[in-house]
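Report on the structure given below.
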Amino acid sequence: MACCVPLSSSSSSVLLSQKPETLSFGCRVSSDKLSFGGSSFKFGTIKKGQRDRLSYYVCRAASVTFRDLDADDFRHPLDKQNTLILRAIPGLNELGKALLGTVTEQIMLLENIGTSVLVSKNQLPELHQLMTEAAEILNIEAPDLYVRQSPVPNAYTLAISGKKPFVVVHTSLVELLTRKEFQAVLAHELGHLKCDHGVWLTFANILTIGAYTVPGLGGLIAQSLEEQLFRWLRAAELTCDRAALLVAQDPKVVISVLMKLAGGCPSMAEQLNVDAFLEQARSYDKASSSPVGWYIRNAQTRQLSHPLPVLRAREIDDWSRGHDYKALLNRAIKMKSVQSV
């Protein structure tokens, strides 16, 4: 998801430097003109949808790509730790391979292909461009992208052995987010593939279901696996939020996504405040710092597949201020990605 503030229907900011804090210039698209630096150009009346596209195509800066990017360059420490724990569970890989048989994989593949729209250069080309650009920045092959009708904002990745992985996004998510925010979501999903989370994500969805069907100890096995997998999933999500930031190159874009998923809707989008959401995150940290608060916080998150949105917002804000993120930006190579209308 490489602008320095969330792209809206009226304005966006872009960066010309690998260091976002050092050099920037403004680009604004209003109802009848384009303002670029100190100049402005008059148009006829521009409708909202056209304005969004102008903001995307005209106001993009040269992005950067991470040619030598390794997953461990941005992997969250908890992801590393919990991945090692999962790999140490006896028989986990064997059980996963047994459950992820040919029939199961085929069902999952056909279910998504048969009920979604495949994005391409000729089908939803704007979304295709966002995926292609995000994949180039992260130095990974772009997976197939499908859009599926659903009122629940969501995106997920499936990596099936021997087949090209694919990402599925729901229509309500497309409607909820700006284009830069949507690209951050795509980058998050690419992070799963970059870090080889895909197979583990599929395990998480199927292992517990399969284990619960085993007579006798199946329930106990599933409960133990579920706890370990959910702990790993929460850590993996923190890693992929970092991948989103590497593409967006602005923490406010990523945090805005989390804020909207927590309590946003298209009609209220312009009233949402990222700084206020970060303050809310700090309030949560303070409230959960006592022994009782710590216990409640653990109980609240134990059965969740994703960390709480406020915690994810605080985590990505902290990482964006740290040395590791700035060092990665300094290593990046400029892309020739400025487009004309």
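Labels used: A, B, ... for chains in the order of the structure tokens, numbers from 1 for residues in each chain, and numbers from 1 for ligands as shown.
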- Item | Spatial neighbours of region 153-157 of chain A, max dist 7 Å, only C-alpha atoms, sep filter under 3 positions, as a ChimeraX atom specification | /A:166-170,172-173,189,198
Cut-off 7 Å: closest region 120-145 of chain A/region 61-81 of chain A atom pairs per residue, using only C-alpha atoms, as JSON lines:
{"residue": "A:Glu136", "atom": "CA", "partner": "A:Thr65", "partner_atom": "CA", "distance": 6.4}
{"residue": "A:Ile137", "atom": "CA", "partner": "A:Thr65", "partner_atom": "CA", "distance": 3.9}
{"residue": "A:Leu138", "atom": "CA", "partner": "A:Phe66", "partner_atom": "CA", "distance": 5.7}
{"residue": "A:Asn139", "atom": "CA", "partner": "A:Arg67", "partner_atom": "CA", "distance": 5.7}
- Counting only C-alpha atoms, the residue among A:Asp318, A:Glu237, A:Glu175, A:Glu270 that lies closest to Ser150 (chain A) is A:Glu175
- Quick one: of A:Pro143, A:Asp250, A:Leu124, A:Arg312, who's nearest to Gln280 (chain A), counting only C-alpha atoms? A:Arg312
Taking 3 positions as the minimum chain separation for residues in the same chain, which residues sit within 9 Å of region 273-279 of chain A when counting only C-alpha atoms? Answer as a compact mmCIF listing (two decimals) with C-alpha atoms, in the first residue's frame.
# COMPACT_ATOMS: atom_id res chain seq x y z
CA LYS A 252 -1.04 6.33 8.89
CA VAL A 253 -2.24 4.41 5.83
CA ILE A 255 -3.31 2.36 10.89
CA SER A 256 -6.26 3.83 9.01
CA MET A 259 -9.20 1.74 12.42
CA ALA A 269 -14.63 7.68 6.59
CA GLU A 270 -13.80 11.39 6.39
CA ARG A 282 -2.17 3.99 24.35
CA SER A 283 -5.18 4.15 26.68
CA TYR A 284 -5.70 0.41 26.20
CA VAL A 310 -5.52 -1.06 18.75
CA ALA A 313 -1.92 0.05 15.39
CA ARG A 314 0.47 0.67 18.26
CA ASP A 317 3.44 2.92 14.78
- Quick one: DSSP strand (DSSP E) residues in region 75-309 of chain A, as a PyMOL selection string? chain A and resi 116-118+144-148+155-158+166-170
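Take the candidates A:Lys163, A:Arg231, A:His192, A:Arg242 and check each one against Ile316 (chain A) using only C-alpha atoms; the shortest distance goes to A:Arg242.
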- Item | Top pick for closest residue to Ala159 (chain A), considering A:Ala187, A:Val119, A:Met268, A:Leu109 and counting only C-alpha atoms |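 Among the listed residues, the smallest separation from Ala159 (chain A) belongs to A:Leu109.
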- Quick one: pull the distance between CA of Leu233 (chain A) and CA of Gly114 (chain A), Å, one decimal. 27.4 Å
Hey, what's within 8 Å of Arg302 (chain A) if we count only C-alpha atoms and toss same-chain stuff fewer than 2 positions away? As a tab-separated table (two decimals) with N, CA and C atoms, in the first residue's frame, please?
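What follows is the written file part-v7.tsv:
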chain	number	residue	atom	x	y	z
A	227	GLU	N	-4.80	-23.50	20.20
A	227	GLU	CA	-4.14	-22.48	21.02
A	227	GLU	C	-2.79	-22.10	20.42
A	230	PHE	N	-3.40	-20.25	16.97
A	230	PHE	CA	-3.89	-18.89	17.15
A	230	PHE	C	-2.78	-17.97	17.66
A	231	ARG	N	-1.93	-18.49	18.52
A	231	ARG	CA	-0.81	-17.68	19.00
A	231	ARG	C	0.11	-17.34	17.83
A	298	ASN	N	-5.19	-10.97	28.30
A	298	ASN	CA	-4.85	-12.30	27.80
A	298	ASN	C	-6.09	-13.13	27.51
A	299	ALA	N	-7.08	-13.04	28.41
A	299	ALA	CA	-8.32	-13.79	28.20
A	299	ALA	C	-9.05	-13.27	26.97
A	300	GLN	N	-8.96	-11.97	26.74
A	300	GLN	CA	-9.64	-11.33	25.61
A	300	GLN	C	-9.04	-11.74	24.28
A	304	LEU	N	-8.45	-15.37	19.79
A	304	LEU	CA	-8.54	-14.56	18.58
A	304	LEU	C	-7.47	-14.99	17.59
